[in-house]
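Peer 1: Here you go, this is work08.pdb (PDB, C-alpha atoms and all ligand atoms).
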ATOM      1  CA  MET A   1      13.797  -7.129 -14.355  1.00  0.00           C
ATOM      2  CA  LYS A   2      13.151  -6.032 -10.800  1.00  0.00           C
ATOM      3  CA  THR A   3      10.127  -3.989  -9.807  1.00  0.00           C
ATOM      4  CA  ALA A   4       9.599  -2.355  -6.423  1.00  0.00           C
ATOM      5  CA  ILE A   5       5.953  -2.476  -5.346  1.00  0.00           C
ATOM      6  CA  LEU A   6       4.756  -0.331  -2.487  1.00  0.00           C
ATOM      7  CA  SER A   7       1.567   0.911  -0.884  1.00  0.00           C
ATOM      8  CA  ASP A   8       0.109   3.031   1.916  1.00  0.00           C
ATOM      9  CA  ILE A   9       2.756   5.751   2.172  1.00  0.00           C
ATOM     10  CA  HIS A  10       0.187   7.832   4.077  1.00  0.00           C
ATOM     11  CA  GLY A  11       1.925  11.195   3.969  1.00  0.00           C
ATOM     12  CA  ASN A  12       5.042   9.807   5.644  1.00  0.00           C
ATOM     13  CA  LEU A  13       7.684  11.480   3.468  1.00  0.00           C
ATOM     14  CA  THR A  14      10.558  10.422   5.748  1.00  0.00           C
ATOM     15  CA  ALA A  15       9.638   6.747   5.415  1.00  0.00           C
ATOM     16  CA  PHE A  16       9.065   7.146   1.659  1.00  0.00           C
ATOM     17  CA  GLU A  17      12.488   8.746   1.115  1.00  0.00           C
ATOM     18  CA  ALA A  18      14.133   5.935   3.100  1.00  0.00           C
ATOM     19  CA  VAL A  19      12.355   3.379   0.906  1.00  0.00           C
ATOM     20  CA  LEU A  20      13.378   5.235  -2.265  1.00  0.00           C
ATOM     21  CA  ALA A  21      16.994   5.176  -1.079  1.00  0.00           C
ATOM     22  CA  ASP A  22      16.714   1.424  -0.455  1.00  0.00           C
ATOM     23  CA  ILE A  23      15.249   0.964  -3.952  1.00  0.00           C
ATOM     24  CA  ARG A  24      18.090   3.020  -5.487  1.00  0.00           C
ATOM     25  CA  SER A  25      20.706   0.954  -3.626  1.00  0.00           C
ATOM     26  CA  GLN A  26      19.415  -2.137  -5.443  1.00  0.00           C
ATOM     27  CA  ARG A  27      19.491  -0.422  -8.827  1.00  0.00           C
ATOM     28  CA  ILE A  28      15.765  -0.939  -9.351  1.00  0.00           C
ATOM     29  CA  SER A  29      14.291   1.399 -11.937  1.00  0.00           C
ATOM     30  CA  THR A  30      10.624   0.402 -11.974  1.00  0.00           C
ATOM     31  CA  ILE A  31       8.348   1.277  -9.085  1.00  0.00           C
ATOM     32  CA  LEU A  32       4.595   0.705  -8.704  1.00  0.00           C
ATOM     33  CA  ASN A  33       2.522   2.380  -6.012  1.00  0.00           C
ATOM     34  CA  MET A  34      -0.880   1.087  -4.917  1.00  0.00           C
ATOM     35  CA  GLY A  35      -2.462   4.130  -3.313  1.00  0.00           C
ATOM     36  CA  ASP A  36      -3.150   5.677   0.089  1.00  0.00           C
ATOM     37  CA  MET A  37      -0.384   8.190  -0.518  1.00  0.00           C
ATOM     38  CA  VAL A  38      -2.284  10.588   1.735  1.00  0.00           C
ATOM     39  CA  GLY A  39      -4.005  10.387   5.123  1.00  0.00           C
ATOM     40  CA  TYR A  40      -2.592  10.088   8.685  1.00  0.00           C
ATOM     41  CA  GLY A  41       0.828  11.518   7.817  1.00  0.00           C
ATOM     42  CA  PRO A  42       2.124  15.091   7.899  1.00  0.00           C
ATOM     43  CA  GLU A  43       3.358  15.507   4.300  1.00  0.00           C
ATOM     44  CA  PRO A  44       0.637  14.332   1.908  1.00  0.00           C
ATOM     45  CA  GLU A  45       1.303  17.072  -0.652  1.00  0.00           C
ATOM     46  CA  LYS A  46       5.047  16.399  -0.794  1.00  0.00           C
ATOM     47  CA  VAL A  47       4.509  12.638  -1.036  1.00  0.00           C
ATOM     48  CA  VAL A  48       2.188  12.999  -4.030  1.00  0.00           C
ATOM     49  CA  GLN A  49       4.535  15.521  -5.649  1.00  0.00           C
ATOM     50  CA  ARG A  50       7.442  13.084  -5.226  1.00  0.00           C
ATOM     51  CA  VAL A  51       5.417  10.220  -6.734  1.00  0.00           C
ATOM     52  CA  ARG A  52       4.540  12.424  -9.711  1.00  0.00           C
ATOM     53  CA  GLU A  53       8.076  13.772 -10.105  1.00  0.00           C
ATOM     54  CA  LEU A  54       9.416  10.222 -10.279  1.00  0.00           C
ATOM     55  CA  GLY A  55       6.656   9.167 -12.705  1.00  0.00           C
ATOM     56  CA  ILE A  56       5.632   6.237 -10.527  1.00  0.00           C
ATOM     57  CA  PRO A  57       2.520   4.471 -11.905  1.00  0.00           C
ATOM     58  CA  SER A  58      -0.072   4.529  -9.120  1.00  0.00           C
ATOM     59  CA  THR A  59      -3.527   3.266  -8.277  1.00  0.00           C
ATOM     60  CA  MET A  60      -6.346   4.788  -6.238  1.00  0.00           C
ATOM     61  CA  GLY A  61      -6.514   4.199  -2.474  1.00  0.00           C
ATOM     62  CA  ASN A  62      -9.488   4.638  -0.164  1.00  0.00           C
ATOM     63  CA  HIS A  63      -7.800   7.689   1.408  1.00  0.00           C
ATOM     64  CA  GLU A  64      -7.543   9.354  -2.004  1.00  0.00           C
ATOM     65  CA  LEU A  65     -11.273   8.675  -2.408  1.00  0.00           C
ATOM     66  CA  GLY A  66     -11.812  10.150   1.067  1.00  0.00           C
ATOM     67  CA  VAL A  67     -10.064  13.445   0.297  1.00  0.00           C
ATOM     68  CA  LEU A  68     -11.724  13.700  -3.109  1.00  0.00           C
ATOM     69  CA  TYR A  69     -15.348  12.864  -2.415  1.00  0.00           C
ATOM     70  CA  GLU A  70     -17.511  13.954   0.508  1.00  0.00           C
ATOM     71  CA  GLU A  71     -19.744  10.868   0.245  1.00  0.00           C
ATOM     72  CA  GLU A  72     -16.706   8.582   0.555  1.00  0.00           C
ATOM     73  CA  ARG A  73     -15.808  10.091   3.954  1.00  0.00           C
ATOM     74  CA  ARG A  74     -18.803   8.373   5.552  1.00  0.00           C
ATOM     75  CA  TRP A  75     -16.952   5.107   4.973  1.00  0.00           C
ATOM     76  CA  PHE A  76     -14.292   6.219   7.501  1.00  0.00           C
ATOM     77  CA  ASN A  77     -14.895   5.925  11.224  1.00  0.00           C
ATOM     78  CA  PRO A  78     -15.594   9.192  13.115  1.00  0.00           C
ATOM     79  CA  ARG A  79     -12.082   9.249  14.631  1.00  0.00           C
ATOM     80  CA  LEU A  80     -10.632   9.476  11.121  1.00  0.00           C
ATOM     81  CA  GLN A  81     -12.921  12.266   9.903  1.00  0.00           C
ATOM     82  CA  LYS A  82     -10.858  15.030  11.567  1.00  0.00           C
ATOM     83  CA  GLY A  83      -7.652  13.708  10.036  1.00  0.00           C
ATOM     84  CA  ILE A  84      -9.203  13.652   6.574  1.00  0.00           C
ATOM     85  CA  HIS A  85     -10.261  17.292   6.841  1.00  0.00           C
ATOM     86  CA  LEU A  86      -6.740  18.250   7.963  1.00  0.00           C
ATOM     87  CA  THR A  87      -5.258  16.287   5.060  1.00  0.00           C
ATOM     88  CA  VAL A  88      -7.544  17.990   2.532  1.00  0.00           C
ATOM     89  CA  ALA A  89      -6.352  21.370   3.834  1.00  0.00           C
ATOM     90  CA  LEU A  90      -2.747  20.344   3.116  1.00  0.00           C
ATOM     91  CA  LEU A  91      -3.411  19.345  -0.510  1.00  0.00           C
ATOM     92  CA  SER A  92      -3.235  21.692  -3.494  1.00  0.00           C
ATOM     93  CA  PRO A  93      -6.044  21.762  -6.070  1.00  0.00           C
ATOM     94  CA  GLU A  94      -3.566  20.414  -8.632  1.00  0.00           C
ATOM     95  CA  THR A  95      -2.708  17.408  -6.451  1.00  0.00           C
ATOM     96  CA  LEU A  96      -6.394  16.689  -5.809  1.00  0.00           C
ATOM     97  CA  ALA A  97      -7.112  16.882  -9.531  1.00  0.00           C
ATOM     98  CA  TRP A  98      -4.280  14.438 -10.234  1.00  0.00           C
ATOM     99  CA  CYS A  99      -5.523  12.027  -7.546  1.00  0.00           C
ATOM    100  CA  ALA A 100      -8.923  12.008  -9.255  1.00  0.00           C
ATOM    101  CA  THR A 101      -7.306  10.519 -12.374  1.00  0.00           C
ATOM    102  CA  LEU A 102      -5.874   7.460 -10.600  1.00  0.00           C
ATOM    103  CA  PRO A 103      -7.094   4.097 -11.930  1.00  0.00           C
ATOM    104  CA  ALA A 104      -8.556   1.457  -9.602  1.00  0.00           C
ATOM    105  CA  SER A 105      -5.958  -1.078 -10.743  1.00  0.00           C
ATOM    106  CA  LEU A 106      -2.945  -1.491 -12.990  1.00  0.00           C
ATOM    107  CA  VAL A 107      -1.716  -4.519 -14.916  1.00  0.00           C
ATOM    108  CA  LEU A 108       1.979  -4.494 -15.693  1.00  0.00           C
ATOM    109  CA  HIS A 109       4.237  -7.318 -16.849  1.00  0.00           C
ATOM    110  CA  GLY A 110       1.281  -9.675 -16.407  1.00  0.00           C
ATOM    111  CA  CYS A 111       0.693  -8.869 -12.749  1.00  0.00           C
ATOM    112  CA  ARG A 112      -2.177  -6.900 -11.259  1.00  0.00           C
ATOM    113  CA  CYS A 113      -1.802  -4.157  -8.662  1.00  0.00           C
ATOM    114  CA  VAL A 114      -4.865  -2.974  -6.729  1.00  0.00           C
ATOM    115  CA  HIS A 115      -5.196  -1.232  -3.382  1.00  0.00           C
ATOM    116  CA  GLY A 116      -7.822  -3.505  -1.817  1.00  0.00           C
ATOM    117  CA  PHE A 117      -8.750  -6.700  -3.604  1.00  0.00           C
ATOM    118  CA  PRO A 118      -8.651  -7.959  -7.217  1.00  0.00           C
ATOM    119  CA  PRO A 119      -9.690  -7.198  -9.762  1.00  0.00           C
ATOM    120  CA  ASP A 120     -10.631  -3.586  -8.991  1.00  0.00           C
ATOM    121  CA  SER A 121     -11.772  -3.039  -5.410  1.00  0.00           C
ATOM    122  CA  VAL A 122     -10.220  -0.054  -3.685  1.00  0.00           C
ATOM    123  CA  LYS A 123     -12.027  -0.671  -0.389  1.00  0.00           C
ATOM    124  CA  THR A 124     -12.315  -4.447   0.125  1.00  0.00           C
ATOM    125  CA  TYR A 125      -9.743  -5.785   2.609  1.00  0.00           C
ATOM    126  CA  LEU A 126      -7.952  -9.066   1.947  1.00  0.00           C
ATOM    127  CA  PHE A 127      -8.866 -10.159   5.489  1.00  0.00           C
ATOM    128  CA  GLN A 128     -12.574  -9.900   4.586  1.00  0.00           C
ATOM    129  CA  LYS A 129     -12.138 -12.973   2.388  1.00  0.00           C
ATOM    130  CA  ASP A 130     -11.898 -16.296   4.209  1.00  0.00           C
ATOM    131  CA  THR A 131     -10.319 -19.437   2.798  1.00  0.00           C
ATOM    132  CA  ASP A 132     -13.641 -20.642   1.342  1.00  0.00           C
ATOM    133  CA  ASP A 133     -14.156 -17.311  -0.455  1.00  0.00           C
ATOM    134  CA  LEU A 134     -10.603 -17.456  -1.787  1.00  0.00           C
ATOM    135  CA  ALA A 135     -11.061 -21.048  -3.018  1.00  0.00           C
ATOM    136  CA  LEU A 136     -13.781 -19.711  -5.325  1.00  0.00           C
ATOM    137  CA  ILE A 137     -12.016 -16.492  -6.283  1.00  0.00           C
ATOM    138  CA  MET A 138      -8.399 -17.561  -6.853  1.00  0.00           C
ATOM    139  CA  PRO A 139      -9.035 -19.839  -9.898  1.00  0.00           C
ATOM    140  CA  GLN A 140     -10.928 -16.985 -11.563  1.00  0.00           C
ATOM    141  CA  LEU A 141      -8.164 -14.407 -11.244  1.00  0.00           C
ATOM    142  CA  THR A 142      -7.028 -13.306 -14.707  1.00  0.00           C
ATOM    143  CA  GLU A 143      -3.438 -12.701 -13.594  1.00  0.00           C
ATOM    144  CA  SER A 144      -1.414 -15.383 -11.809  1.00  0.00           C
ATOM    145  CA  LEU A 145       0.217 -12.778  -9.562  1.00  0.00           C
ATOM    146  CA  VAL A 146      -1.636  -9.991  -7.741  1.00  0.00           C
ATOM    147  CA  PHE A 147      -0.263  -7.354  -5.375  1.00  0.00           C
ATOM    148  CA  VAL A 148      -2.515  -5.611  -2.839  1.00  0.00           C
ATOM    149  CA  GLY A 149      -2.133  -3.226   0.106  1.00  0.00           C
ATOM    150  CA  HIS A 150      -4.810  -1.574   2.283  1.00  0.00           C
ATOM    151  CA  THR A 151      -4.506  -3.739   5.447  1.00  0.00           C
ATOM    152  CA  HIS A 152      -0.974  -2.466   6.274  1.00  0.00           C
ATOM    153  CA  GLU A 153      -0.043  -6.072   7.051  1.00  0.00           C
ATOM    154  CA  LEU A 154       2.090  -8.413   4.987  1.00  0.00           C
ATOM    155  CA  GLU A 155       0.423 -11.584   3.782  1.00  0.00           C
ATOM    156  CA  LEU A 156       0.883 -14.336   1.198  1.00  0.00           C
ATOM    157  CA  VAL A 157      -2.068 -16.223  -0.315  1.00  0.00           C
ATOM    158  CA  THR A 158      -1.452 -19.052  -2.786  1.00  0.00           C
ATOM    159  CA  TRP A 159      -3.593 -21.503  -4.735  1.00  0.00           C
ATOM    160  CA  ASP A 160      -1.886 -24.533  -6.256  1.00  0.00           C
ATOM    161  CA  GLY A 161      -4.863 -25.751  -8.273  1.00  0.00           C
ATOM    162  CA  PHE A 162      -6.350 -27.553  -5.272  1.00  0.00           C
ATOM    163  CA  THR A 163      -5.706 -25.814  -1.991  1.00  0.00           C
ATOM    164  CA  VAL A 164      -5.647 -22.217  -0.765  1.00  0.00           C
ATOM    165  CA  ARG A 165      -2.919 -21.403   1.739  1.00  0.00           C
ATOM    166  CA  ARG A 166      -2.409 -18.111   3.513  1.00  0.00           C
ATOM    167  CA  ARG A 167       0.197 -16.898   5.957  1.00  0.00           C
ATOM    168  CA  ARG A 168       1.823 -13.765   7.269  1.00  0.00           C
ATOM    169  CA  LEU A 169       5.008 -12.630   5.590  1.00  0.00           C
ATOM    170  CA  GLY A 170       8.167 -11.482   7.340  1.00  0.00           C
ATOM    171  CA  GLU A 171      11.502 -10.195   6.065  1.00  0.00           C
ATOM    172  CA  GLU A 172      12.020 -12.997   3.562  1.00  0.00           C
ATOM    173  CA  ILE A 173      12.224 -13.982  -0.096  1.00  0.00           C
ATOM    174  CA  VAL A 174       9.314 -16.002  -1.465  1.00  0.00           C
ATOM    175  CA  THR A 175       9.380 -18.082  -4.658  1.00  0.00           C
ATOM    176  CA  ILE A 176       6.337 -17.446  -6.817  1.00  0.00           C
ATOM    177  CA  ASP A 177       5.592 -20.897  -8.209  1.00  0.00           C
ATOM    178  CA  ARG A 178       1.877 -21.515  -7.637  1.00  0.00           C
ATOM    179  CA  GLU A 179      -0.971 -21.154 -10.103  1.00  0.00           C
ATOM    180  CA  ARG A 180      -2.259 -18.038  -8.348  1.00  0.00           C
ATOM    181  CA  THR A 181      -0.586 -15.827  -5.760  1.00  0.00           C
ATOM    182  CA  ILE A 182      -1.742 -12.723  -3.913  1.00  0.00           C
ATOM    183  CA  VAL A 183       0.925 -10.738  -2.045  1.00  0.00           C
ATOM    184  CA  ASN A 184      -0.049  -8.061   0.443  1.00  0.00           C
ATOM    185  CA  VAL A 185       2.955  -5.737   0.450  1.00  0.00           C
ATOM    186  CA  GLY A 186       2.316  -4.038   3.806  1.00  0.00           C
ATOM    187  CA  SER A 187       2.715  -0.302   4.333  1.00  0.00           C
ATOM    188  CA  VAL A 188       5.523   2.194   3.794  1.00  0.00           C
ATOM    189  CA  GLY A 189       4.197   4.900   6.061  1.00  0.00           C
ATOM    190  CA  GLN A 190       2.098   3.260   8.746  1.00  0.00           C
ATOM    191  CA  PRO A 191       2.901  -0.429   9.291  1.00  0.00           C
ATOM    192  CA  ARG A 192       0.467  -2.401  11.446  1.00  0.00           C
ATOM    193  CA  ASP A 193       2.256  -5.739  11.352  1.00  0.00           C
ATOM    194  CA  GLY A 194       3.950  -5.448  14.729  1.00  0.00           C
ATOM    195  CA  ASP A 195       7.233  -4.129  13.320  1.00  0.00           C
ATOM    196  CA  ASN A 196       7.810  -0.409  12.932  1.00  0.00           C
ATOM    197  CA  ASN A 197      10.059  -0.437   9.852  1.00  0.00           C
ATOM    198  CA  ALA A 198       8.709   0.784   6.517  1.00  0.00           C
ATOM    199  CA  LYS A 199       7.796  -2.154   4.258  1.00  0.00           C
ATOM    200  CA  TYR A 200       7.669  -2.796   0.534  1.00  0.00           C
ATOM    201  CA  VAL A 201       8.483  -5.672  -1.803  1.00  0.00           C
ATOM    202  CA  VAL A 202      10.769  -6.298  -4.759  1.00  0.00           C
ATOM    203  CA  TRP A 203       9.410  -8.552  -7.477  1.00  0.00           C
ATOM    204  CA  ASP A 204      12.185 -10.226  -9.500  1.00  0.00           C
ATOM    205  CA  ARG A 205      10.537 -11.442 -12.697  1.00  0.00           C
ATOM    206  CA  GLU A 206      13.625 -13.292 -13.881  1.00  0.00           C
ATOM    207  CA  ASN A 207      14.064 -15.340 -10.713  1.00  0.00           C
ATOM    208  CA  GLY A 208      10.333 -15.590  -9.982  1.00  0.00           C
ATOM    209  CA  THR A 209      10.699 -14.258  -6.455  1.00  0.00           C
ATOM    210  CA  VAL A 210       9.246 -11.578  -4.231  1.00  0.00           C
ATOM    211  CA  ALA A 211      11.549 -10.141  -1.549  1.00  0.00           C
ATOM    212  CA  VAL A 212      10.046  -8.349   1.452  1.00  0.00           C
ATOM    213  CA  ARG A 213      12.099  -5.311   2.455  1.00  0.00           C
ATOM    214  CA  TYR A 214      12.179  -3.783   5.939  1.00  0.00           C
ATOM    215  CA  VAL A 215      13.529  -0.224   5.957  1.00  0.00           C
ATOM    216  CA  ALA A 216      14.393   1.759   9.081  1.00  0.00           C
ATOM    217  CA  TYR A 217      13.572   5.466   9.063  1.00  0.00           C
ATOM    218  CA  ASP A 218      13.418   8.391  11.482  1.00  0.00           C
ATOM    219  CA  ILE A 219      10.074   7.615  13.160  1.00  0.00           C
ATOM    220  CA  GLN A 220      10.495  10.424  15.694  1.00  0.00           C
ATOM    221  CA  ALA A 221      10.747  13.016  12.920  1.00  0.00           C
ATOM    222  CA  THR A 222       7.446  11.866  11.394  1.00  0.00           C
ATOM    223  CA  ALA A 223       5.748  11.564  14.809  1.00  0.00           C
ATOM    224  CA  ASP A 224       6.818  15.120  15.719  1.00  0.00           C
ATOM    225  CA  ALA A 225       5.566  16.501  12.404  1.00  0.00           C
ATOM    226  CA  ILE A 226       2.190  14.743  12.862  1.00  0.00           C
ATOM    227  CA  LEU A 227       1.703  16.473  16.216  1.00  0.00           C
ATOM    228  CA  GLU A 228       2.940  19.839  14.894  1.00  0.00           C
ATOM    229  CA  ARG A 229       0.332  19.730  12.148  1.00  0.00           C
ATOM    230  CA  GLY A 230      -2.438  19.111  14.675  1.00  0.00           C
ATOM    231  CA  PHE A 231      -3.301  15.546  13.716  1.00  0.00           C
ATOM    232  CA  PRO A 232      -4.652  13.244  16.473  1.00  0.00           C
ATOM    233  CA  ALA A 233      -1.832  12.005  18.743  1.00  0.00           C
ATOM    234  CA  TYR A 234      -2.603   8.347  18.079  1.00  0.00           C
ATOM    235  CA  TYR A 235      -1.550   8.819  14.424  1.00  0.00           C
ATOM    236  CA  ALA A 236       1.936   9.539  15.828  1.00  0.00           C
ATOM    237  CA  ASN A 237       1.869   6.943  18.613  1.00  0.00           C
ATOM    238  CA  ARG A 238       0.876   4.052  16.361  1.00  0.00           C
ATOM    239  CA  LEU A 239       4.040   4.484  14.274  1.00  0.00           C
ATOM    240  CA  TRP A 240       6.069   2.945  17.091  1.00  0.00           C
TER     241      TRP A 240
HETATM  242 FE    FE B 301      -4.017   2.657   4.078  1.00  0.00          FE
END
Let me see whether you can do it: turn the structure in this file into structure tokens.
Peer 2:
Amino acid sequence: MKTAILSDIHGNLTAFEAVLADIRSQRISTILNMGDMVGYGPEPEKVVQRVRELGIPSTMGNHELGVLYEEERRWFNPRLQKGIHLTVALLSPETLAWCATLPASLVLHGCRCVHGFPPDSVKTYLFQKDTDDLALIMPQLTESLVFVGHTHELELVTWDGFTVRRRRLGEEIVTIDRERTIVNVGSVGQPRDGDNNAKYVVWDRENGTVAVRYVAYDIQATADAILERGFPAYYANRLW
């Protein structure tokens, strides 16, 4: 009855393996992955292979779009262009072909998973929607529970039928008891929430809770590998 939901692994195999070990320790068998498996990190090919090997249902991220389609790269700022070209060089044709099959969103057990914003936006950030926007959007959501990623920050947005509330999430367990809830699960491979642990969440359908997990991993190993592969140094530095 528990499902691990994760996003934004970003080629950080060391962080991903640490998260998988944490998932195994809780005897969780179902995992959902919301895209951005590649980009920034040193092991994009191995990360995608691991996701496929484990049969983890996954959605498209903007970095998958970036490695797949030339026209999508314009969406990235110039500092990211070099990294995208390096990432493409590390990916096999088979992995690229598989990435092209990823859906924009998944609905499982009555909850929606999408990289950016519901129902199907890969590129819209949750922070682009203010409280007034959300007051219009939340009542129209088909699913009462939505998981997103993309910002690399943890956030909880609820609508109780009257009021929209939003706040940052920390290492905590949240009860899902509002009419509509959006949970931003943060990032496995490149957190930007002020804490350098890998992040993901565990949704317990029986108890109606979402637990935020912080997982320590060998940051130095990933930072070293980023530099060895010739990626910009700030990709490594921002992991700390
Ligand atoms: Fe991302």
Peer 1: Mind listing the residues within 9 Å of ligand FE 301 (chain B), only C-alpha atoms and all ligand atoms counted, as JSON, numbers by chain?
Peer 2: {"A": [7, 8, 9, 10, 35, 36, 37, 38, 39, 40, 61, 62, 63, 115, 149, 150, 151, 152, 187, 189, 190]}
Peer 1: So that I can see what lies close to Arg167 in chain A, please list as a ChimeraX atom specification the residues with an atom at most 10 Å from it, counting all atoms listed in the file and leaving out residues fewer than 6 positions away in the same chain.
Peer 2: /A:154-158
Peer 1: Decode the PyMOL selection byres (((chain A and resi 121-136) around 7) and not hetatm) for the given file into explicit residues and return them as JSON, numbers by chain.
Peer 2: {"A": [60, 61, 62, 104, 114, 115, 116, 117, 118, 119, 120, 137, 138, 139, 150, 151, 164]}
Peer 1: Measuring between all atoms listed in the file, which one of A:Lys2, A:Arg73, A:Arg238, A:Arg112 shows the shortest distance to Ile28 in chain A?
Peer 2: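 So, comparing all the options, the nearest one is A:Lys2.
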Peer 1: Compare A:Val215, A:Leu86, A:Leu102, A:Cys113 by their minimum atom-to-atom distance to Leu227 in chain A, counting only C-alpha atoms, and give me the closest one.
Peer 2: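 Residue with the minimum atom-to-atom distance to Leu227 in chain A: A:Leu86.
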Peer 1: Could you check the closest approach to Ser144 in chain A for each of A:Val107, A:Ile173, A:Ala223, A:Val88 and tell me which residue wins, using only C-alpha atoms?
Peer 2: A:Val107
Peer 1: Which residue is closest to Val183 in chain A? Choose from A:Trp75, A:Trp240, A:Trp203, A:Tyr234 and count only C-alpha atoms.
Peer 2: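 Going through A:Trp75, A:Trp240, A:Trp203, A:Tyr234 one by one, the smallest distance to Val183 in chain A is for A:Trp203.
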Peer 1: Could you add all heavy atoms to range 132-139 of chain A and give me the result as a PDB file, in the coordinates of the input?
Peer 2:
ATOM      1  N   ASP A 132     -12.602 -20.147   2.257  1.00  0.00           N
ATOM      2  CA  ASP A 132     -13.641 -20.642   1.342  1.00  0.00           C
ATOM      3  C   ASP A 132     -13.915 -19.639   0.219  1.00  0.00           C
ATOM      4  O   ASP A 132     -14.072 -20.026  -0.944  1.00  0.00           O
ATOM      5  CB  ASP A 132     -14.947 -20.914   2.110  1.00  0.00           C
ATOM      6  CG  ASP A 132     -14.814 -22.122   3.026  1.00  0.00           C
ATOM      7  OD1 ASP A 132     -13.902 -22.935   2.796  1.00  0.00           O
ATOM      8  OD2 ASP A 132     -15.612 -22.231   3.974  1.00  0.00           O
ATOM      9  N   ASP A 133     -13.971 -18.346   0.581  1.00  0.00           N
ATOM     10  CA  ASP A 133     -14.156 -17.311  -0.455  1.00  0.00           C
ATOM     11  C   ASP A 133     -13.005 -17.388  -1.464  1.00  0.00           C
ATOM     12  O   ASP A 133     -13.216 -17.349  -2.680  1.00  0.00           O
ATOM     13  CB  ASP A 133     -14.114 -15.889   0.161  1.00  0.00           C
ATOM     14  CG  ASP A 133     -15.255 -15.634   1.133  1.00  0.00           C
ATOM     15  OD1 ASP A 133     -16.333 -16.202   0.946  1.00  0.00           O
ATOM     16  OD2 ASP A 133     -15.031 -14.844   2.080  1.00  0.00           O
ATOM     17  N   LEU A 134     -11.786 -17.479  -0.918  1.00  0.00           N
ATOM     18  CA  LEU A 134     -10.603 -17.456  -1.787  1.00  0.00           C
ATOM     19  C   LEU A 134     -10.532 -18.689  -2.690  1.00  0.00           C
ATOM     20  O   LEU A 134     -10.050 -18.609  -3.813  1.00  0.00           O
ATOM     21  CB  LEU A 134      -9.333 -17.339  -0.932  1.00  0.00           C
ATOM     22  CG  LEU A 134      -9.160 -15.968  -0.253  1.00  0.00           C
ATOM     23  CD1 LEU A 134      -8.087 -16.030   0.833  1.00  0.00           C
ATOM     24  CD2 LEU A 134      -8.814 -14.885  -1.279  1.00  0.00           C
ATOM     25  N   ALA A 135     -11.061 -19.827  -2.195  1.00  0.00           N
ATOM     26  CA  ALA A 135     -11.061 -21.048  -3.018  1.00  0.00           C
ATOM     27  C   ALA A 135     -11.918 -20.851  -4.268  1.00  0.00           C
ATOM     28  O   ALA A 135     -11.633 -21.430  -5.325  1.00  0.00           O
ATOM     29  CB  ALA A 135     -11.571 -22.225  -2.200  1.00  0.00           C
ATOM     30  N   LEU A 136     -12.942 -20.013  -4.159  1.00  0.00           N
ATOM     31  CA  LEU A 136     -13.781 -19.711  -5.325  1.00  0.00           C
ATOM     32  C   LEU A 136     -13.158 -18.631  -6.203  1.00  0.00           C
ATOM     33  O   LEU A 136     -13.249 -18.690  -7.431  1.00  0.00           O
ATOM     34  CB  LEU A 136     -15.169 -19.225  -4.862  1.00  0.00           C
ATOM     35  CG  LEU A 136     -16.065 -20.248  -4.188  1.00  0.00           C
ATOM     36  CD1 LEU A 136     -17.319 -19.565  -3.631  1.00  0.00           C
ATOM     37  CD2 LEU A 136     -16.463 -21.350  -5.178  1.00  0.00           C
ATOM     38  N   ILE A 137     -12.511 -17.669  -5.561  1.00  0.00           N
ATOM     39  CA  ILE A 137     -12.016 -16.492  -6.283  1.00  0.00           C
ATOM     40  C   ILE A 137     -10.679 -16.751  -6.994  1.00  0.00           C
ATOM     41  O   ILE A 137     -10.482 -16.339  -8.141  1.00  0.00           O
ATOM     42  CB  ILE A 137     -11.862 -15.299  -5.299  1.00  0.00           C
ATOM     43  CG1 ILE A 137     -13.236 -14.870  -4.780  1.00  0.00           C
ATOM     44  CG2 ILE A 137     -11.139 -14.129  -5.957  1.00  0.00           C
ATOM     45  CD1 ILE A 137     -13.179 -13.961  -3.556  1.00  0.00           C
ATOM     46  N   MET A 138      -9.763 -17.428  -6.312  1.00  0.00           N
ATOM     47  CA  MET A 138      -8.399 -17.561  -6.853  1.00  0.00           C
ATOM     48  C   MET A 138      -8.359 -18.173  -8.260  1.00  0.00           C
ATOM     49  O   MET A 138      -7.664 -17.643  -9.133  1.00  0.00           O
ATOM     50  CB  MET A 138      -7.511 -18.392  -5.908  1.00  0.00           C
ATOM     51  CG  MET A 138      -7.305 -17.819  -4.526  1.00  0.00           C
ATOM     52  SD  MET A 138      -6.223 -16.376  -4.454  1.00  0.00           S
ATOM     53  CE  MET A 138      -4.600 -17.107  -4.428  1.00  0.00           C
ATOM     54  N   PRO A 139      -9.117 -19.269  -8.538  1.00  0.00           N
ATOM     55  CA  PRO A 139      -9.035 -19.839  -9.898  1.00  0.00           C
ATOM     56  C   PRO A 139      -9.522 -18.871 -10.972  1.00  0.00           C
ATOM     57  O   PRO A 139      -9.146 -19.004 -12.137  1.00  0.00           O
ATOM     58  CB  PRO A 139      -9.965 -21.055  -9.826  1.00  0.00           C
ATOM     59  CG  PRO A 139     -10.151 -21.341  -8.381  1.00  0.00           C
ATOM     60  CD  PRO A 139     -10.006 -20.040  -7.658  1.00  0.00           C
TER      61      PRO A 139
END
